[in-house]
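Structure first, then comments.
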Amino acid sequence: MMKREEIAEILEEMAELLELKGENPFRIRAYRNGARALRNLDADLEQLIKEKKLTEIEGIGDHLAQKISELFLKGRLSEYEKLKRGTPQALLELLQVPGLGPKKVQTLYKKLKIRSLSDLKKAAANGKIAKLAGFGKRSEAKILEALETSEKQGTRRLWFDAMKEARPILDALKKLKSVKKAEIAGSLRRRLETVGDLDFIASSSNPNAVMRWFTTQPFVKKILSKGSAKSSILLTSGIQADLRLVPHSQFAFALYYFTGSKEHNIRLRMQALKRGWSLSEYGIERIKKGARLPTAKVDTEEKILKLFGLSYIPPELREDQGELKAAAENKIPKLIVEGDIRGALHCHTAATDGRNSLKEMVSAAQKLGWEYIGISDHSKSAFQANGQSEERLLAQIEEIRKLSKKSDIRIFAGIECDILPKGNLDFPEKVLKRLDYVIVSIHSSFQQDEKAMTKRLIRAIEHPCSTIIGHLTGRLLLKRKGYALNIPKIIDACIANKKIVELNGNPQRLDMDWRYWRAAAEKGLLCCIGPDAHAIDQLEFVNTGVQIARKGWLRKEDVINTLPLKKLEALLKKMHP
DNA sequence: GCCGTTTTCGGCCCGACTGTTTTCAGTCG
């Protein structure tokens, strides 16, 4: 049985192989769309295949359904193997070199027999590439440089880190005299958990001056391209930043377009075309009997959408996950905002692996205006994190009760209790019962297979004392994949057992993934946004969690730490008698 | 290969920049 992610990867590889063969671009796109649809699936793949419902997914037709089923059930697909045999495997890695696409890779292969990165490097060093038709000295030099720098730079960044870099640049842009409006766009604006580059959009009456500024700042390591409408630079930190300039009247269109996602834009444009509108990053025109008639000024994103009878779609939702349909039916939810948060329950102290004392954490929470804070230090098996022994835990509970009485802010006594390899919890029931709530998390034996891991977690979910499931998959973005898990099954188990799932706001985790939240919340799953704070300045990770919760279509009502104190108290009491 | 209020064929988003050309193909987003 093949996993969903593995199947998606094969479909994507097939798209690349077809591209190298010079296949119909739309057929190639269909494979990519299919892979994406598979990744975004919130239902159980096995069930869909059994019930022959794969074709109900948008982007998956009869052919792809057949291929996916075959891969899932047999673990292989003859068509894929045939494709692979027909193309040297190494050509795929050549496609990764910036500036090389399918056509050029094919030329290199046919004319120079280049079939690997080292072949490419040799040919470029010997000046053979410059002599090819369609190539020249500059492209040869570019290839060499790309090969040399590619190893050094891991290109993607955590959303949180990228935002920290982008803000000062945006602020400086806004201060320029000839800049009227400036915004961040792209995946950064959509709050994608990791981003590949920083996109800026600005409107200006003097593009050349702004571009001169942008490409000559201290943060510029290298200019990748420079024009009056678009420039790209490499920042000293190694990440790429693009700036697009448009006249003031086009700003909203440019912002909308460059915010993406690409798939969202394609769908919106298709809808526009059907209604007789041609939408682009420059504006919108009525198409009438071949002639294009310009329309009146539309200067906000709201107004653009309104032209198509759509309500506003926040950037976070523009992932082609049904948001256009929802907007057409006026069903875009009122998303949670940072100000809705009234406290947090996943916080560590120096008693285990936190940096600050209980008192310091509490007073920091108070400064943030919270009504409550829950302390959830590690349990004894979390050896690497100095997990609490039973004795130390009981003493901490005592300390918390005392301090809570004296404070203006309510302090809940909790724990982040390890789920042991078999699914049992790290403390006996009688200890857990003395707490206000119990976050259960996995911190060991990550290598278990999906079946064992799912069973392990479900056992913890069924434990009478568990309240919240912490960082569901244990992933560390850009570093470590989450453990194997049947997430739809886990979600169903949580709903059946009335357990809450955490949305961990640590920028490296953002776990459970936003792609699952919409469907899960619609089925009744409640969320707790946890900062997983290990220091006072990390309490604000709860806000990063809010950004991702918005991306998961969550409303205030779906998140328990938006509840006022009395209501949260009552909820925890009911869940944890 | 997908899809359908221009439905079962014939479309499928669209423009900027680069490098190599001398009007454009390829790549990228």
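Naming works like this for the structure tokens: A, B, ... for the chains as they're shown, residue 1 at the start of each chain, ligands 1 onward in shown order.
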
Chain A residues near chain B (6 Å cut-off, only C-alpha atoms (C1' of nucleotides)) as an mmCIF file with N, CA and C atoms, in the first residue's frame:
```cif
data_model
loop_
_atom_site.group_PDB
_atom_site.id
_atom_site.type_symbol
_atom_site.label_atom_id
_atom_site.label_comp_id
_atom_site.auth_asym_id
_atom_site.auth_seq_id
_atom_site.Cartn_x
_atom_site.Cartn_y
_atom_site.Cartn_z
ATOM 1 N N ARG A 27 -1.797 18.580 -20.509
ATOM 2 C CA ARG A 27 -1.799 17.238 -19.944
ATOM 3 C C ARG A 27 -0.855 17.218 -18.734
ATOM 4 N N ALA A 30 -2.416 18.779 -15.816
ATOM 5 C CA ALA A 30 -3.404 17.885 -15.205
ATOM 6 C C ALA A 30 -2.749 16.961 -14.183
ATOM 7 N N ILE A 266 -5.842 31.420 -11.373
ATOM 8 C CA ILE A 266 -6.281 30.768 -12.609
ATOM 9 C C ILE A 266 -7.783 30.534 -12.543
#
```

task = Just the residues within 10 Å of Asp171 in chain A, please, counting only C-alpha atoms (C1' of nucleotides), with nothing from its chain fewer than 5 positions along; format it as JSON, numbers by chain.
result = {"A": [166, 176, 182, 183]}

Suppose we keep N, CA and C atoms; can you now write the selection as a PDB file, in the first residue's frame?
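Once written, out.pdb looks like this:
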```
ATOM      1  N   ALA A 166      11.029  40.760   5.882  1.00  0.00           N
ATOM      2  CA  ALA A 166      10.269  41.547   4.903  1.00  0.00           C
ATOM      3  C   ALA A 166       9.775  42.873   5.481  1.00  0.00           C
ATOM      4  N   LEU A 176       9.483  55.879   0.843  1.00  0.00           N
ATOM      5  CA  LEU A 176      10.030  56.531  -0.351  1.00  0.00           C
ATOM      6  C   LEU A 176       9.033  57.551  -0.900  1.00  0.00           C
ATOM      7  N   ALA A 182       2.377  50.402  -0.882  1.00  0.00           N
ATOM      8  CA  ALA A 182       3.265  49.247  -0.949  1.00  0.00           C
ATOM      9  C   ALA A 182       2.727  48.161  -0.039  1.00  0.00           C
ATOM     10  N   GLU A 183       2.847  46.934  -0.478  1.00  0.00           N
ATOM     11  CA  GLU A 183       2.379  45.813   0.332  1.00  0.00           C
ATOM     12  C   GLU A 183       3.261  44.592   0.093  1.00  0.00           C
TER      13      GLU A 183
END
```

task = Output as a PyMOL selection string all residues of range 3-229 of chain A that backbone DSSP marks as strand (DSSP E).
result = chain A and resi 157-158+179-185+194-195+197-204+220-226

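CA of Thr473 in chain A lies 15.6 Å from CA of Arg4 in chain A.
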
Residues within 10 Å of Gln89 in chain A, only C-alpha atoms (C1' of nucleotides), excluding chain neighbours under 5 positions, as a VMD selection string = chain A and resid 17 83 to 84 94 115 to 116

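The neighbours of range 330-332 of chain A here are the residues that come within 6 Å of it, using only C-alpha atoms (C1' of nucleotides) and leaving out any residue fewer than 3 positions away in the same chain; they are Ser311, Ala326 and Ala327 of chain A.
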
ask   = Using only C-alpha atoms (C1' of nucleotides), which residues sit within 12 Å of Arg434 in chain A once same-chain residues fewer than 3 positions away are excluded, as an MDAnalysis selection string?
value = chainID A and resid 390 393:398 401 412:415 427:431 437:438 465 573 576:577

Keeping C-alpha atoms for every residue in the selection just given, could you write it to a file as an mmCIF file, in the first residue's frame?
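Saved as out_35.cif:
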```
data_model
loop_
_atom_site.group_PDB
_atom_site.id
_atom_site.type_symbol
_atom_site.label_atom_id
_atom_site.label_comp_id
_atom_site.auth_asym_id
_atom_site.auth_seq_id
_atom_site.Cartn_x
_atom_site.Cartn_y
_atom_site.Cartn_z
ATOM 1 C CA GLU A 390 5.615 12.926 40.043
ATOM 2 C CA LEU A 393 4.794 17.939 39.410
ATOM 3 C CA LEU A 394 2.752 17.822 42.606
ATOM 4 C CA ALA A 395 4.904 20.591 44.072
ATOM 5 C CA GLN A 396 4.391 22.668 40.938
ATOM 6 C CA ILE A 397 0.622 22.213 41.114
ATOM 7 C CA GLU A 398 0.761 23.469 44.672
ATOM 8 C CA ARG A 401 -2.628 27.116 43.040
ATOM 9 C CA PHE A 412 -4.252 26.644 35.174
ATOM 10 C CA ALA A 413 -2.185 23.671 36.186
ATOM 11 C CA GLY A 414 -1.566 21.387 33.242
ATOM 12 C CA ILE A 415 1.081 19.186 31.782
ATOM 13 C CA PHE A 427 1.640 9.422 34.684
ATOM 14 C CA PRO A 428 -1.031 7.353 36.437
ATOM 15 C CA GLU A 429 -4.616 8.555 36.414
ATOM 16 C CA LYS A 430 -4.585 9.608 40.029
ATOM 17 C CA VAL A 431 -1.802 12.109 39.341
ATOM 18 C CA TYR A 437 -6.054 19.661 31.847
ATOM 19 C CA VAL A 438 -3.620 17.347 30.124
ATOM 20 C CA CYS A 465 -7.607 12.180 31.396
ATOM 21 C CA LYS A 573 -14.005 20.968 34.222
ATOM 22 C CA HIS A 576 -11.394 16.745 32.951
ATOM 23 C CA PRO A 577 -13.439 15.805 35.990
#
```
